Structure formats: structure tokens, C-alpha cells
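Undergrad: Sharing work-v8.pdb (PDB, C-alpha atoms) below.
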ATOM      1  CA  MET A  20      21.138  -4.502   4.956
ATOM      2  CA  LYS A  21      20.768  -4.559   1.196
ATOM      3  CA  ILE A  22      17.082  -4.235   0.440
ATOM      4  CA  LEU A  23      15.074  -4.422  -2.781
ATOM      5  CA  VAL A  24      12.069  -2.102  -2.817
ATOM      6  CA  THR A  25       9.728  -2.698  -5.744
ATOM      7  CA  GLY A  26       7.428   0.135  -6.750
ATOM      8  CA  ALA A  27      10.049   2.578  -5.454
ATOM      9  CA  ALA A  28       8.613   5.390  -7.586
ATOM     10  CA  GLY A  29       5.165   4.805  -6.104
ATOM     11  CA  PHE A  30       3.596   6.570  -3.149
ATOM     12  CA  ILE A  31       4.382   4.086  -0.370
ATOM     13  CA  GLY A  32       7.512   2.725  -2.068
ATOM     14  CA  PHE A  33       9.061   6.188  -2.225
ATOM     15  CA  HIS A  34       8.487   6.884   1.474
ATOM     16  CA  VAL A  35       9.724   3.437   2.555
ATOM     17  CA  SER A  36      12.838   3.731   0.373
ATOM     18  CA  ARG A  37      13.642   7.175   1.745
ATOM     19  CA  THR A  38      13.303   6.049   5.361
ATOM     20  CA  LEU A  39      15.421   2.927   4.819
ATOM     21  CA  VAL A  40      18.141   5.011   3.167
ATOM     22  CA  GLU A  41      18.051   7.555   5.998
ATOM     23  CA  ARG A  42      18.701   4.841   8.577
ATOM     24  CA  GLY A  43      21.682   3.532   6.607
ATOM     25  CA  ASP A  44      20.381   0.599   4.560
ATOM     26  CA  GLU A  45      21.437   0.112   0.940
ATOM     27  CA  VAL A  46      18.316   0.279  -1.219
ATOM     28  CA  VAL A  47      17.866  -0.819  -4.806
ATOM     29  CA  GLY A  48      14.545   0.508  -6.089
ATOM     30  CA  ILE A  49      12.759  -0.774  -9.161
ATOM     31  CA  ASP A  50       9.659   0.502 -10.940
ATOM     32  CA  ASN A  51       8.269   0.261 -14.467
ATOM     33  CA  LEU A  52       7.176   3.941 -14.392
ATOM     34  CA  ASN A  53       3.918   3.095 -16.159
ATOM     35  CA  SER A  54       1.337   5.704 -17.107
ATOM     36  CA  TYR A  55      -1.476   4.564 -14.781
ATOM     37  CA  TYR A  56      -1.053   8.060 -13.384
ATOM     38  CA  ASP A  57       1.247  10.971 -14.232
ATOM     39  CA  PRO A  58       4.785   9.543 -14.650
ATOM     40  CA  ALA A  59       6.196  12.998 -13.884
ATOM     41  CA  LEU A  60       5.179  12.560 -10.244
ATOM     42  CA  LYS A  61       6.898   9.171 -10.134
ATOM     43  CA  LYS A  62      10.062  10.620 -11.661
ATOM     44  CA  ALA A  63      10.017  13.496  -9.158
ATOM     45  CA  ARG A  64       9.912  10.979  -6.296
ATOM     46  CA  ILE A  65      12.900   9.118  -7.745
ATOM     47  CA  GLU A  66      14.802  12.404  -8.138
ATOM     48  CA  MET A  67      14.259  13.005  -4.411
ATOM     49  CA  LEU A  68      15.825   9.602  -3.671
ATOM     50  CA  HIS A  69      18.777  10.049  -6.015
ATOM     51  CA  GLY A  70      20.315  12.490  -3.555
ATOM     52  CA  SER A  71      21.543   9.564  -1.445
ATOM     53  CA  GLU A  72      24.544   7.400  -2.270
ATOM     54  CA  ASN A  73      22.720   4.486  -0.591
ATOM     55  CA  PHE A  74      19.990   4.436  -3.261
ATOM     56  CA  ARG A  75      20.051   3.122  -6.822
ATOM     57  CA  PHE A  76      17.133   3.020  -9.227
ATOM     58  CA  ILE A  77      16.576   0.485 -12.006
ATOM     59  CA  LYS A  78      13.660   0.783 -14.418
ATOM     60  CA  LEU A  79      12.270  -2.749 -14.505
ATOM     61  CA  ASP A  80       8.877  -4.433 -14.753
ATOM     62  CA  LEU A  81       8.052  -7.277 -12.346
ATOM     63  CA  ALA A  82       6.523  -9.150 -15.280
ATOM     64  CA  ASP A  83       9.982  -9.272 -16.937
ATOM     65  CA  ARG A  84      11.019 -12.738 -15.798
ATOM     66  CA  GLU A  85      14.572 -12.658 -17.143
ATOM     67  CA  GLY A  86      15.123  -9.138 -15.842
ATOM     68  CA  ILE A  87      14.029 -10.082 -12.317
ATOM     69  CA  GLU A  88      16.123 -13.268 -12.369
ATOM     70  CA  GLU A  89      19.203 -11.274 -13.389
ATOM     71  CA  LEU A  90      18.517  -8.614 -10.764
ATOM     72  CA  PHE A  91      18.419 -11.148  -7.920
ATOM     73  CA  ALA A  92      21.487 -12.990  -9.217
ATOM     74  CA  ILE A  93      23.573  -9.816  -9.380
ATOM     75  CA  GLU A  94      22.434  -7.923  -6.293
ATOM     76  CA  LYS A  95      22.148 -10.668  -3.631
ATOM     77  CA  PHE A  96      19.505  -8.905  -1.527
ATOM     78  CA  ASN A  97      19.113  -9.564   2.191
ATOM     79  CA  ARG A  98      15.443  -8.608   2.244
ATOM     80  CA  VAL A  99      12.688  -7.571  -0.158
ATOM     81  CA  VAL A 100       9.777  -5.139   0.201
ATOM     82  CA  ASN A 101       7.258  -5.600  -2.608
ATOM     83  CA  LEU A 102       5.192  -2.445  -3.031
ATOM     84  CA  ALA A 103       4.813  -2.683  -6.811
ATOM     85  CA  ALA A 104       1.355  -3.570  -8.067
ATOM     86  CA  GLN A 105      -1.300  -2.483 -10.439
ATOM     87  CA  ALA A 106      -3.407  -0.559  -7.964
ATOM     88  CA  GLY A 107      -6.996   0.613  -7.906
ATOM     89  CA  VAL A 108     -10.299  -1.189  -7.462
ATOM     90  CA  ARG A 109     -12.142   0.760 -10.150
ATOM     91  CA  TYR A 110      -9.397   0.462 -12.771
ATOM     92  CA  SER A 111      -9.539  -3.336 -12.413
ATOM     93  CA  LEU A 112     -13.025  -3.276 -13.924
ATOM     94  CA  GLU A 113     -11.626  -1.747 -17.121
ATOM     95  CA  ASN A 114      -8.153  -3.313 -17.437
ATOM     96  CA  PRO A 115      -8.205  -6.738 -15.772
ATOM     97  CA  HIS A 116      -5.213  -8.158 -17.657
ATOM     98  CA  SER A 117      -2.814  -5.569 -16.234
ATOM     99  CA  TYR A 118      -3.624  -6.869 -12.726
ATOM    100  CA  ILE A 119      -2.735 -10.431 -13.651
ATOM    101  CA  ASP A 120       0.539  -9.371 -15.296
ATOM    102  CA  SER A 121       1.751  -7.254 -12.384
ATOM    103  CA  ASN A 122       0.069  -8.659  -9.298
ATOM    104  CA  ILE A 123       0.148 -12.384 -10.108
ATOM    105  CA  VAL A 124       2.886 -13.027 -12.692
ATOM    106  CA  GLY A 125       5.165 -10.344 -11.260
ATOM    107  CA  PHE A 126       4.701 -11.593  -7.703
ATOM    108  CA  MET A 127       5.570 -15.114  -8.839
ATOM    109  CA  HIS A 128       8.860 -13.829 -10.236
ATOM    110  CA  LEU A 129       9.670 -12.213  -6.880
ATOM    111  CA  LEU A 130       8.907 -15.389  -4.955
ATOM    112  CA  GLU A 131      11.227 -17.350  -7.229
ATOM    113  CA  GLY A 132      13.937 -14.730  -6.784
ATOM    114  CA  CYS A 133      13.599 -15.003  -3.014
ATOM    115  CA  ARG A 134      13.718 -18.805  -3.185
ATOM    116  CA  GLN A 135      16.695 -19.072  -5.502
ATOM    117  CA  HIS A 136      18.778 -16.512  -3.618
ATOM    118  CA  HIS A 137      17.854 -17.250   0.013
ATOM    119  CA  VAL A 138      16.273 -13.892   0.882
ATOM    120  CA  GLU A 139      15.838 -13.522   4.663
ATOM    121  CA  HIS A 140      12.372 -11.931   4.597
ATOM    122  CA  LEU A 141       9.819 -10.876   1.984
ATOM    123  CA  VAL A 142       7.335  -8.198   3.036
ATOM    124  CA  TYR A 143       4.645  -7.482   0.467
ATOM    125  CA  ALA A 144       1.637  -5.231   0.027
ATOM    126  CA  SER A 145      -1.734  -6.844   0.407
ATOM    127  CA  SER A 146      -4.902  -4.777   0.812
ATOM    128  CA  SER A 147      -7.944  -4.204   3.008
ATOM    129  CA  SER A 148      -9.960  -4.950  -0.137
ATOM    130  CA  VAL A 149      -9.439  -8.679   0.527
ATOM    131  CA  TYR A 150     -12.172  -8.445   3.177
ATOM    132  CA  GLY A 151     -14.672  -7.975   0.359
ATOM    133  CA  ALA A 152     -18.164  -8.980   1.442
ATOM    134  CA  ASN A 153     -17.162  -9.319   5.124
ATOM    135  CA  GLU A 154     -19.363  -7.172   7.338
ATOM    136  CA  THR A 155     -17.921  -7.945  10.776
ATOM    137  CA  MET A 156     -16.180  -4.827  12.088
ATOM    138  CA  PRO A 157     -13.377  -4.213  12.726
ATOM    139  CA  PHE A 158     -11.769  -6.396  10.056
ATOM    140  CA  SER A 159      -9.512  -8.987  11.678
ATOM    141  CA  VAL A 160      -6.704 -11.062  10.167
ATOM    142  CA  HIS A 161      -8.294 -14.000  11.963
ATOM    143  CA  ASP A 162     -11.428 -13.664   9.788
ATOM    144  CA  ASN A 163     -12.028 -15.635   6.612
ATOM    145  CA  VAL A 164     -11.456 -13.595   3.426
ATOM    146  CA  ASP A 165     -12.821 -15.785   0.647
ATOM    147  CA  HIS A 166     -15.323 -13.338  -0.884
ATOM    148  CA  PRO A 167     -13.445 -10.549  -2.739
ATOM    149  CA  LEU A 168     -15.552  -8.014  -4.649
ATOM    150  CA  SER A 169     -13.024  -6.921  -7.297
ATOM    151  CA  LEU A 170     -10.279  -8.519  -9.352
ATOM    152  CA  TYR A 171      -7.781  -6.248  -7.593
ATOM    153  CA  ALA A 172      -8.841  -7.764  -4.262
ATOM    154  CA  ALA A 173      -8.657 -11.268  -5.728
ATOM    155  CA  THR A 174      -5.061 -10.695  -6.866
ATOM    156  CA  LYS A 175      -4.075  -9.517  -3.394
ATOM    157  CA  LYS A 176      -5.677 -12.551  -1.777
ATOM    158  CA  SER A 177      -3.813 -14.663  -4.352
ATOM    159  CA  ASN A 178      -0.528 -13.066  -3.265
ATOM    160  CA  GLU A 179      -1.173 -14.158   0.301
ATOM    161  CA  LEU A 180      -1.857 -17.730  -0.843
ATOM    162  CA  MET A 181       1.179 -17.838  -3.134
ATOM    163  CA  ALA A 182       3.404 -16.517  -0.348
ATOM    164  CA  HIS A 183       2.070 -19.147   2.030
ATOM    165  CA  THR A 184       2.933 -21.906  -0.422
ATOM    166  CA  TYR A 185       6.535 -20.687  -0.704
ATOM    167  CA  SER A 186       6.840 -20.250   3.059
ATOM    168  CA  HIS A 187       5.567 -23.812   3.541
ATOM    169  CA  LEU A 188       7.592 -25.491   0.792
ATOM    170  CA  TYR A 189      10.866 -23.585   1.055
ATOM    171  CA  GLY A 190      10.865 -21.998   4.517
ATOM    172  CA  ILE A 191      10.952 -18.439   3.122
ATOM    173  CA  PRO A 192       9.700 -15.985   5.769
ATOM    174  CA  THR A 193       6.926 -13.879   4.190
ATOM    175  CA  THR A 194       4.690 -11.179   5.639
ATOM    176  CA  GLY A 195       1.704  -9.598   3.929
ATOM    177  CA  LEU A 196       0.474  -6.164   4.998
ATOM    178  CA  ARG A 197      -3.171  -5.368   4.348
ATOM    179  CA  PHE A 198      -3.046  -1.630   3.761
ATOM    180  CA  PHE A 199      -6.058   0.473   4.574
ATOM    181  CA  THR A 200      -6.637   3.847   2.873
ATOM    182  CA  VAL A 201      -3.228   5.554   2.843
ATOM    183  CA  TYR A 202      -2.868   9.307   2.293
ATOM    184  CA  GLY A 203      -0.303  12.066   2.654
ATOM    185  CA  PRO A 204       2.334  14.083   0.763
ATOM    186  CA  TRP A 205       3.472  12.622  -2.566
ATOM    187  CA  GLY A 206       0.219  10.642  -2.686
ATOM    188  CA  ARG A 207      -1.411   9.028  -5.711
ATOM    189  CA  PRO A 208      -3.431  11.324  -8.003
ATOM    190  CA  ASP A 209      -6.159   8.685  -8.402
ATOM    191  CA  MET A 210      -6.929   8.657  -4.662
ATOM    192  CA  ALA A 211      -9.805  10.613  -3.160
ATOM    193  CA  LEU A 212      -7.772  13.217  -1.249
ATOM    194  CA  PHE A 213      -5.772  14.179  -4.354
ATOM    195  CA  LEU A 214      -8.872  14.279  -6.576
ATOM    196  CA  PHE A 215     -10.852  16.283  -4.018
ATOM    197  CA  THR A 216      -8.072  18.816  -3.465
ATOM    198  CA  LYS A 217      -7.554  19.416  -7.174
ATOM    199  CA  ALA A 218     -11.276  19.818  -7.849
ATOM    200  CA  ILE A 219     -11.934  22.143  -4.900
ATOM    201  CA  LEU A 220      -9.031  24.424  -5.803
ATOM    202  CA  GLU A 221     -10.284  24.558  -9.404
ATOM    203  CA  GLY A 222     -13.844  25.310  -8.302
ATOM    204  CA  LYS A 223     -15.149  22.032  -9.719
ATOM    205  CA  PRO A 224     -17.573  19.612  -8.005
ATOM    206  CA  ILE A 225     -16.216  16.558  -6.205
ATOM    207  CA  LYS A 226     -17.762  13.112  -6.681
ATOM    208  CA  VAL A 227     -18.971  11.773  -3.345
ATOM    209  CA  PHE A 228     -19.760   8.079  -3.736
ATOM    210  CA  ASN A 229     -22.237   6.131  -1.602
ATOM    211  CA  TYR A 230     -23.798   9.544  -0.933
ATOM    212  CA  GLY A 231     -20.988  10.196   1.552
ATOM    213  CA  LYS A 232     -22.225   7.503   3.932
ATOM    214  CA  HIS A 233     -19.203   5.231   4.024
ATOM    215  CA  ARG A 234     -16.278   5.185   6.425
ATOM    216  CA  ARG A 235     -12.601   4.636   5.685
ATOM    217  CA  ASP A 236      -9.700   3.801   7.962
ATOM    218  CA  PHE A 237      -7.589   6.667   6.612
ATOM    219  CA  THR A 238      -3.939   6.152   7.579
ATOM    220  CA  TYR A 239      -1.190   8.768   7.246
ATOM    221  CA  ILE A 240       1.843   7.771   5.201
ATOM    222  CA  ASP A 241       4.429   8.248   7.990
ATOM    223  CA  ASP A 242       2.505   5.815  10.201
ATOM    224  CA  ILE A 243       2.363   3.310   7.342
ATOM    225  CA  THR A 244       6.077   3.667   6.607
ATOM    226  CA  GLU A 245       7.024   3.035  10.215
ATOM    227  CA  GLY A 246       4.796  -0.045  10.296
ATOM    228  CA  VAL A 247       6.297  -1.447   7.097
ATOM    229  CA  ILE A 248       9.847  -1.081   8.358
ATOM    230  CA  ARG A 249       9.070  -2.459  11.808
ATOM    231  CA  THR A 250       7.530  -5.467  10.069
ATOM    232  CA  LEU A 251      10.529  -5.875   7.750
ATOM    233  CA  ASP A 252      12.786  -6.013  10.820
ATOM    234  CA  HIS A 253      10.489  -8.578  12.499
ATOM    235  CA  VAL A 254      11.121 -11.688  10.416
ATOM    236  CA  ALA A 255       8.067 -13.934  10.154
ATOM    237  CA  VAL A 256       8.185 -17.147  12.203
ATOM    238  CA  PRO A 257       5.848 -20.134  12.460
ATOM    239  CA  ASN A 258       2.988 -19.995  14.930
ATOM    240  CA  PRO A 259       3.680 -22.893  17.336
ATOM    241  CA  ASP A 260       0.015 -22.979  18.375
ATOM    242  CA  TRP A 261      -1.367 -23.220  14.832
ATOM    243  CA  SER A 262      -3.670 -26.179  14.284
ATOM    244  CA  GLY A 263      -5.012 -27.664  11.081
ATOM    245  CA  LEU A 264      -8.085 -28.754  13.027
ATOM    246  CA  LYS A 265      -8.979 -25.130  13.670
ATOM    247  CA  PRO A 266      -6.809 -23.131  11.248
ATOM    248  CA  ASP A 267      -6.090 -19.479  11.981
ATOM    249  CA  PRO A 268      -6.269 -17.475   8.702
ATOM    250  CA  GLY A 269      -3.735 -14.923   9.976
ATOM    251  CA  SER A 270      -0.805 -17.237  10.757
ATOM    252  CA  SER A 271       0.579 -20.675   9.939
ATOM    253  CA  ARG A 272       2.868 -23.462  10.999
ATOM    254  CA  ALA A 273       5.048 -22.059   8.192
ATOM    255  CA  PRO A 274       7.004 -18.761   8.634
ATOM    256  CA  TRP A 275       4.104 -16.761   7.179
ATOM    257  CA  ARG A 276       2.078 -13.865   8.548
ATOM    258  CA  VAL A 277      -0.519 -11.366   7.411
ATOM    259  CA  TYR A 278      -1.304  -8.158   9.286
ATOM    260  CA  ASN A 279      -3.716  -5.277   9.019
ATOM    261  CA  ILE A 280      -1.923  -1.949   8.908
ATOM    262  CA  GLY A 281      -4.259   0.984   9.398
ATOM    263  CA  ASN A 282      -5.195   3.798  11.725
ATOM    264  CA  SER A 283      -7.875   1.709  13.456
ATOM    265  CA  LYS A 284     -10.030   4.859  13.735
ATOM    266  CA  PRO A 285     -12.458   4.929  10.790
ATOM    267  CA  VAL A 286     -13.627   8.363   9.648
ATOM    268  CA  GLU A 287     -16.907   9.258   7.965
ATOM    269  CA  LEU A 288     -16.235  10.415   4.400
ATOM    270  CA  MET A 289     -18.115  13.682   5.005
ATOM    271  CA  ASP A 290     -15.921  14.408   8.039
ATOM    272  CA  TYR A 291     -12.832  13.734   5.908
ATOM    273  CA  ILE A 292     -14.103  16.179   3.305
ATOM    274  CA  GLY A 293     -14.848  18.683   6.069
ATOM    275  CA  ALA A 294     -11.245  18.494   7.311
ATOM    276  CA  LEU A 295     -10.042  19.092   3.749
ATOM    277  CA  GLU A 296     -12.352  22.078   3.306
ATOM    278  CA  LYS A 297     -10.938  23.554   6.508
ATOM    279  CA  ALA A 298      -7.329  23.018   5.371
ATOM    280  CA  LEU A 299      -8.067  24.624   2.000
ATOM    281  CA  GLY A 300     -10.270  27.392   3.382
ATOM    282  CA  LYS A 301     -12.837  26.617   0.722
ATOM    283  CA  THR A 302     -16.151  24.755   0.630
ATOM    284  CA  ALA A 303     -16.524  21.917  -1.851
ATOM    285  CA  GLU A 304     -19.335  21.645  -4.353
ATOM    286  CA  LYS A 305     -20.495  18.043  -3.962
ATOM    287  CA  GLU A 306     -22.023  15.616  -6.467
ATOM    288  CA  PHE A 307     -23.554  12.727  -4.516
ATOM    289  CA  LEU A 308     -23.428   9.347  -6.277
ATOM    290  CA  PRO A 309     -24.174   5.676  -5.417
ATOM    291  CA  LEU A 310     -21.514   3.197  -4.270
ATOM    292  CA  GLN A 311     -19.322   2.135  -7.173
ATOM    293  CA  PRO A 312     -19.054  -1.525  -8.252
ATOM    294  CA  GLY A 313     -16.234  -3.291  -6.409
ATOM    295  CA  ASP A 314     -16.157  -0.792  -3.528
ATOM    296  CA  VAL A 315     -17.047  -1.710   0.057
ATOM    297  CA  PRO A 316     -19.107   0.596   2.304
ATOM    298  CA  ASP A 317     -16.727   0.645   5.281
ATOM    299  CA  THR A 318     -13.171  -0.283   6.246
ATOM    300  CA  TYR A 319     -11.962  -0.552   9.829
ATOM    301  CA  ALA A 320      -8.690  -2.258  10.778
ATOM    302  CA  ASP A 321      -8.152  -4.402  13.832
ATOM    303  CA  VAL A 322      -4.390  -3.893  14.251
ATOM    304  CA  ALA A 323      -4.059  -5.728  17.578
ATOM    305  CA  GLN A 324      -1.760  -8.386  16.112
ATOM    306  CA  LEU A 325       0.597  -5.798  14.612
ATOM    307  CA  VAL A 326       0.629  -3.872  17.895
ATOM    308  CA  GLN A 327       1.499  -7.071  19.758
ATOM    309  CA  ASP A 328       4.220  -8.213  17.375
ATOM    310  CA  VAL A 329       5.981  -4.976  16.356
ATOM    311  CA  ASN A 330       4.563  -2.337  18.748
ATOM    312  CA  TYR A 331       2.806  -0.498  15.914
ATOM    313  CA  HIS A 332       1.027   2.676  17.056
ATOM    314  CA  PRO A 333      -0.187   5.154  14.404
ATOM    315  CA  GLN A 334       0.124   8.713  15.701
ATOM    316  CA  THR A 335      -1.287  11.118  13.096
ATOM    317  CA  PRO A 336      -4.825  12.539  13.415
ATOM    318  CA  VAL A 337      -6.683  12.994  10.108
ATOM    319  CA  GLU A 338      -6.822  16.782  10.476
ATOM    320  CA  GLU A 339      -3.040  16.995  10.864
ATOM    321  CA  GLY A 340      -2.369  14.577   8.017
ATOM    322  CA  ILE A 341      -4.684  16.396   5.611
ATOM    323  CA  GLN A 342      -3.058  19.743   6.447
ATOM    324  CA  LYS A 343       0.370  18.271   5.668
ATOM    325  CA  PHE A 344      -0.930  16.954   2.346
ATOM    326  CA  VAL A 345      -2.447  20.313   1.417
ATOM    327  CA  ASP A 346       0.813  22.096   2.295
ATOM    328  CA  TRP A 347       2.746  19.666   0.073
ATOM    329  CA  TYR A 348       0.203  19.958  -2.764
ATOM    330  CA  ARG A 349       0.421  23.764  -2.809
ATOM    331  CA  GLU A 350       4.225  23.663  -2.788
ATOM    332  CA  TYR A 351       4.560  20.930  -5.433
ATOM    333  CA  TYR A 352       2.067  22.500  -7.846
ATOM    334  CA  LYS A 353       3.115  26.056  -6.913
ATOM    335  CA  ILE A 354      -0.342  27.146  -5.770
ATOM    336  CA  GLU A 355      -0.339  30.110  -3.410
ATOM    337  CA  ALA A 356      -2.820  30.312  -0.539
ATOM    338  CA  SER A 357      -4.292  33.383  -2.223
ATOM    339  CA  ASP A 358      -5.294  31.210  -5.206
ATOM    340  CA  LYS A 359      -8.281  29.772  -3.323
TER     341      LYS A 359
END
What does this structure look like when you write it as C-alpha cells?

TA:
Amino acid sequence: MKILVTGAAGFIGFHVSRTLVERGDEVVGIDNLNSYYDPALKKARIEMLHGSENFRFIKLDLADREGIEELFAIEKFNRVVNLAAQAGVRYSLENPHSYIDSNIVGFMHLLEGCRQHHVEHLVYASSSSVYGANETMPFSVHDNVDHPLSLYAATKKSNELMAHTYSHLYGIPTTGLRFFTVYGPWGRPDMALFLFTKAILEGKPIKVFNYGKHRRDFTYIDDITEGVIRTLDHVAVPNPDWSGLKPDPGSSRAPWRVYNIGNSKPVELMDYIGALEKALGKTAEKEFLPLQPGDVPDTYADVAQLVQDVNYHPQTPVEEGIQKFVDWYREYYKIEASDK
């Protein structure tokens, strides 16, 4: 297949692009290479992908309407994986407009591209943050998600609604994946594991929010990648049992689906830090702080629907995944084990 992967220079986009290329698909990757975090890391990911003749990279912003229209008209994609977004709950408190430009306007341009050029399936990144003020655990796609706690979460919920409209009006199969905390090699420098590793190796204190009392459904990148591709291959179809009298929030009479994609085994933050300390062979100095605005205390994915539909089974224990990240971090930044 010929597949568009947006955000191809990003953490998840890079891994998904690489796996698609390895199995023989033709991948066109786009990214705006913005400076939300170190562009050098993004460029290094793209360099890794350039080794394959099945991959091409185009620097392009989703908010560029004419650019996206031209891209779809020229390339004639079979399927689209949208992993480009302005990410980060905390950053959305400081730069709200960037979230509207990328996550709302940009997503609209993709939907129009899919409509105008008869794309077979659009898979797009949603987020566990859409659960917001929900306290029922584990989070289920069959739960209502109308109380987001950050603008980032609101944009992701908006994506799900926009996709549903296009699936209903134009019959475009769309699937949203609500990612839970993803980690692993080539990860984002603004995420906790990256920040913690850097600080511990430099002998600096780490910031432990909510006094270390929250839990996260940490999910290793290889498990996420497999789930994304299994979902891409499983084109969304209408739910024949869906009823407007008792509407199911996770499906529709249109070819539209949303799924949780996570490890479904939440880990206490202090246990996560403990596994990192073990992998690094060094104890962290900890600065305990209250929960940050926009954050939720716990995340825990009910992935039963994804298991049922695409046989999704995450395999990587946190200890193993953290060790793989630490090994990559030392190699990428050329830090010897003796530099503890």
C-alpha cells in the first residue's frame, strides 16, 4: 500500500514509518520539524528512515491547506496514519493557539484530503487525556468523555468528533487511537522518562509531581507500533448493533471507531522511577511537587475492544522497556556506563 504518515519525524511516527517500510509498504512521511523539542532528534529519526527506497520525506505543515491539498492530489494515498499534532498537556497552558493550528485546522485539512481522494482508511492519534475528569477505572471507550481538563485533551476529543462527522457524511472509515503514556528508544525529550534519565545522569534532582502518588499506563513503543499497524489493516466498519436510543460512545452506525491503546497494567510513578534507577545504577534526587494543572492522577486503559478486534496484546514489561531506553540513550548521546 501507499501510506501517508504525518508526524513521521516524531517519536511514534518514526517507529510506525520504519515498521511499515520494513514490511514492504511505500511510505510518504511529512513533518514540519518544529522546535517544540530539539529538531536534531527529529532529523536523526528521518535520517534513519532515508536508508530505505520505500520511504520519502516531505517537510510540510498540516496547517498548510494548499500544501496538503497538493500532496493528496499528487500522491493518491491508499491509507493515512495521522500522528502529527502539537503534543503536551502542560505546553497547551502556555501556547494554546499552536494546538488549534495543528490539531484542529491541520486535522480538518487531512479529513478533506481523505474525502476528496477516496482514502480507504484514516487512523489518527487521539489521547488518554480525553478521559479528563473521569474517575471510573479502567478507562473504557464506552464511557462518556465530555469533561477534558486541558486544551490539548479538548483538541483530541474534537478530532474524534470531526472524524465521526466525515465517516457519517462521506462514508470514510476512520479510527482514533487513544494513546496512553508511550515510552522507549527515540522518545520525546519532554516526556518523564527522558527528563528523568537526563537529570539523574547529570546528578540533578528530578521533579516528581503529585508527590509520586499517581499511576500511568506506561506502554512500550514496539507494542504501540504493532497496535497502530494492526488497526490500520483493520478498516473501520459500522456497528450493526449501534442504537441512537442508547448510543455507544466507542462505535457508530458510521464506519467510525475509537480504541484505547495501552499496556493495561498501570504502574506507580515511584516504581517507574525505581526501575529507571536500577537501569542507570544510580539513585535519583527527588523534588516532590503537587499535581500540575491539566494533569490527571491516574491512567489505566481498558483495551478489551482492541484485543477483540485486532488481537492486540502488549508484551513488554516496564523494566525491560526502560532498560532498552537507557541503552539507546547512552548510545545516542555517547554516554559510557562509567559516566554514572

Undergrad: Give me the residues near Ile225 (chain A) as a list in words, where near means some atom within 9 Å (using all atoms listed in the file) and where sequence neighbours in that chain fewer than 6 positions away do not count.

TA: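 With the cut-off at 9 Å, the set is Leu214, Phe215, Thr216, Ala218, Ile219, Ala303, Glu304, Lys305, Glu306 and Phe307 of chain A.
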
Undergrad: Please report the interatomic distance between CA of Asn330 (chain A) and CA of Thr200 (chain A) in Å with one decimal.

TA: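 Going from CA of Asn330 (chain A) over to CA of Thr200 (chain A), I get 20.4 Å.
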
Undergrad: Which residues are close to Lys175 (chain A), i.e. within 7 Å by all atoms listed in the file, leaving aside same-chain residues fewer than 2 positions away? Reply as a VMD selection string.

TA: chain A and resid 145 to 146 149 171 to 173 177 to 179

Undergrad: Rank A:Ala59, A:Leu325, A:Asp44, A:Ser54 by their smallest atom-to-atom distance to Glu72 (chain A), using all atoms listed in the file, and report the top residue only.

TA: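 Of all the options, A:Asp44 lies closest to Glu72 (chain A).
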
Undergrad: If the PyMOL selection byres ((chain A and resi 270-272) around 9) is run on the structure shown, which residues does it catch, given as a list in words?

TA: Val160, His161, His183, His187, Val256, Pro257, Asn258, Pro259, Asp260, Trp261, Ser262, Gly263, Pro266, Asp267, Pro268, Gly269, Ala273, Pro274, Trp275, Arg276 and Val277 of chain A

Undergrad: Out of A:Ile119, A:Leu288, A:Ile65, A:Leu129, which residue has the shortest atom-to-atom distance to Gly86 (chain A) when counting only C-alpha atoms?

TA: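 For Gly86 (chain A), the nearest of the candidates is A:Leu129.
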
Undergrad: Suppose a student applies the PyMOL selection byres ((chain A and resi 248) around 12) to this structure; what residues should they get, written as a VMD selection string?

TA: chain A and resid 22 24 31 to 32 34 to 40 42 44 98 to 100 140 to 143 194 196 241 to 247 249 to 254 280 329 to 331

Undergrad: If you count all atoms listed in the file, which residues fall within 9 Å of region 298-302 of chain A, apart from same-chain ones fewer than 4 positions away, as a list in words?

TA: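 Counting all atoms listed in the file, the residues come to Thr216, Ile219, Leu220, Gly293, Ala294, Glu338, Ile341, Gln342, Val345, Asp346, Ala356 and Lys359 of chain A.
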
Undergrad: Rounded to one decimal place, report the CA of Glu45 (chain A)-CA of Leu130 (chain A) distance in Å.

TA: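 Between these atoms lies a distance of 20.8 Å.
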
Undergrad: Could you check the closest approach to Tyr230 (chain A) for each of A:Leu310, A:Met156, A:Leu264, A:Leu170 and tell me which residue wins, using all atoms listed in the file?

TA: A:Leu310

Undergrad: Using CA of Ile240 (chain A) and CA of Ala211 (chain A) as the two end points, give the distance in Å to one decimal.

TA: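 Going from CA of Ile240 (chain A) over to CA of Ala211 (chain A) covers 14.6 Å.
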
Undergrad: Hey, what comes out of the PyMOL selection byres ((chain A and resi 234) around 12) on this file? Could you write it as a PyMOL selection string?

TA: chain A and resi 156-157+199-200+228-233+235-237+283-292+314-320

Undergrad: Compile the contact shell of Tyr202 (chain A) as a list of chain:residue names: residues with an atom at most 8 Å away, counting all atoms listed in the file, same-chain residues fewer than 5 positions apart removed.

TA: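 My reading of the contact set: A:Leu212, A:Phe237, A:Thr238, A:Tyr239, A:Ile240, A:Gly340, A:Phe344.
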
Undergrad: Suppose we keep C-alpha atoms; can you now write the selection as an mmCIF file, in the frame of the given file?

TA:
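Produced file again_6.cif, reproduced below:
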data_model
loop_
_atom_site.group_PDB
_atom_site.id
_atom_site.type_symbol
_atom_site.label_atom_id
_atom_site.label_comp_id
_atom_site.auth_asym_id
_atom_site.auth_seq_id
_atom_site.Cartn_x
_atom_site.Cartn_y
_atom_site.Cartn_z
ATOM 1 C CA LEU A 212 -7.772 13.217 -1.249
ATOM 2 C CA PHE A 237 -7.589 6.667 6.612
ATOM 3 C CA THR A 238 -3.939 6.152 7.579
ATOM 4 C CA TYR A 239 -1.190 8.768 7.246
ATOM 5 C CA ILE A 240 1.843 7.771 5.201
ATOM 6 C CA GLY A 340 -2.369 14.577 8.017
ATOM 7 C CA PHE A 344 -0.930 16.954 2.346
#

Undergrad: Which residues come within 8 Å of Phe74 (chain A), counting all atoms listed in the file, excluding same-chain residues fewer than 5 positions away, as a ChimeraX atom specification?

TA: /A:40,45-48,68-69

Undergrad: Rank A:Val164, A:Glu113, A:Asn153, A:Gly125 by their smallest atom-to-atom distance to Glu85 (chain A), using only C-alpha atoms, and report the top residue only.

TA: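 Checking each of A:Val164, A:Glu113, A:Asn153, A:Gly125 against Glu85 (chain A), counting only C-alpha atoms, the winner is A:Gly125.
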
Undergrad: Pick out the closest residue to Ser159 (chain A) from this set: A:Asp120, A:Asp321, A:Asp209, A:Glu94. Count only C-alpha atoms.

TA: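 Smallest distance to Ser159 (chain A) is found for A:Asp321.
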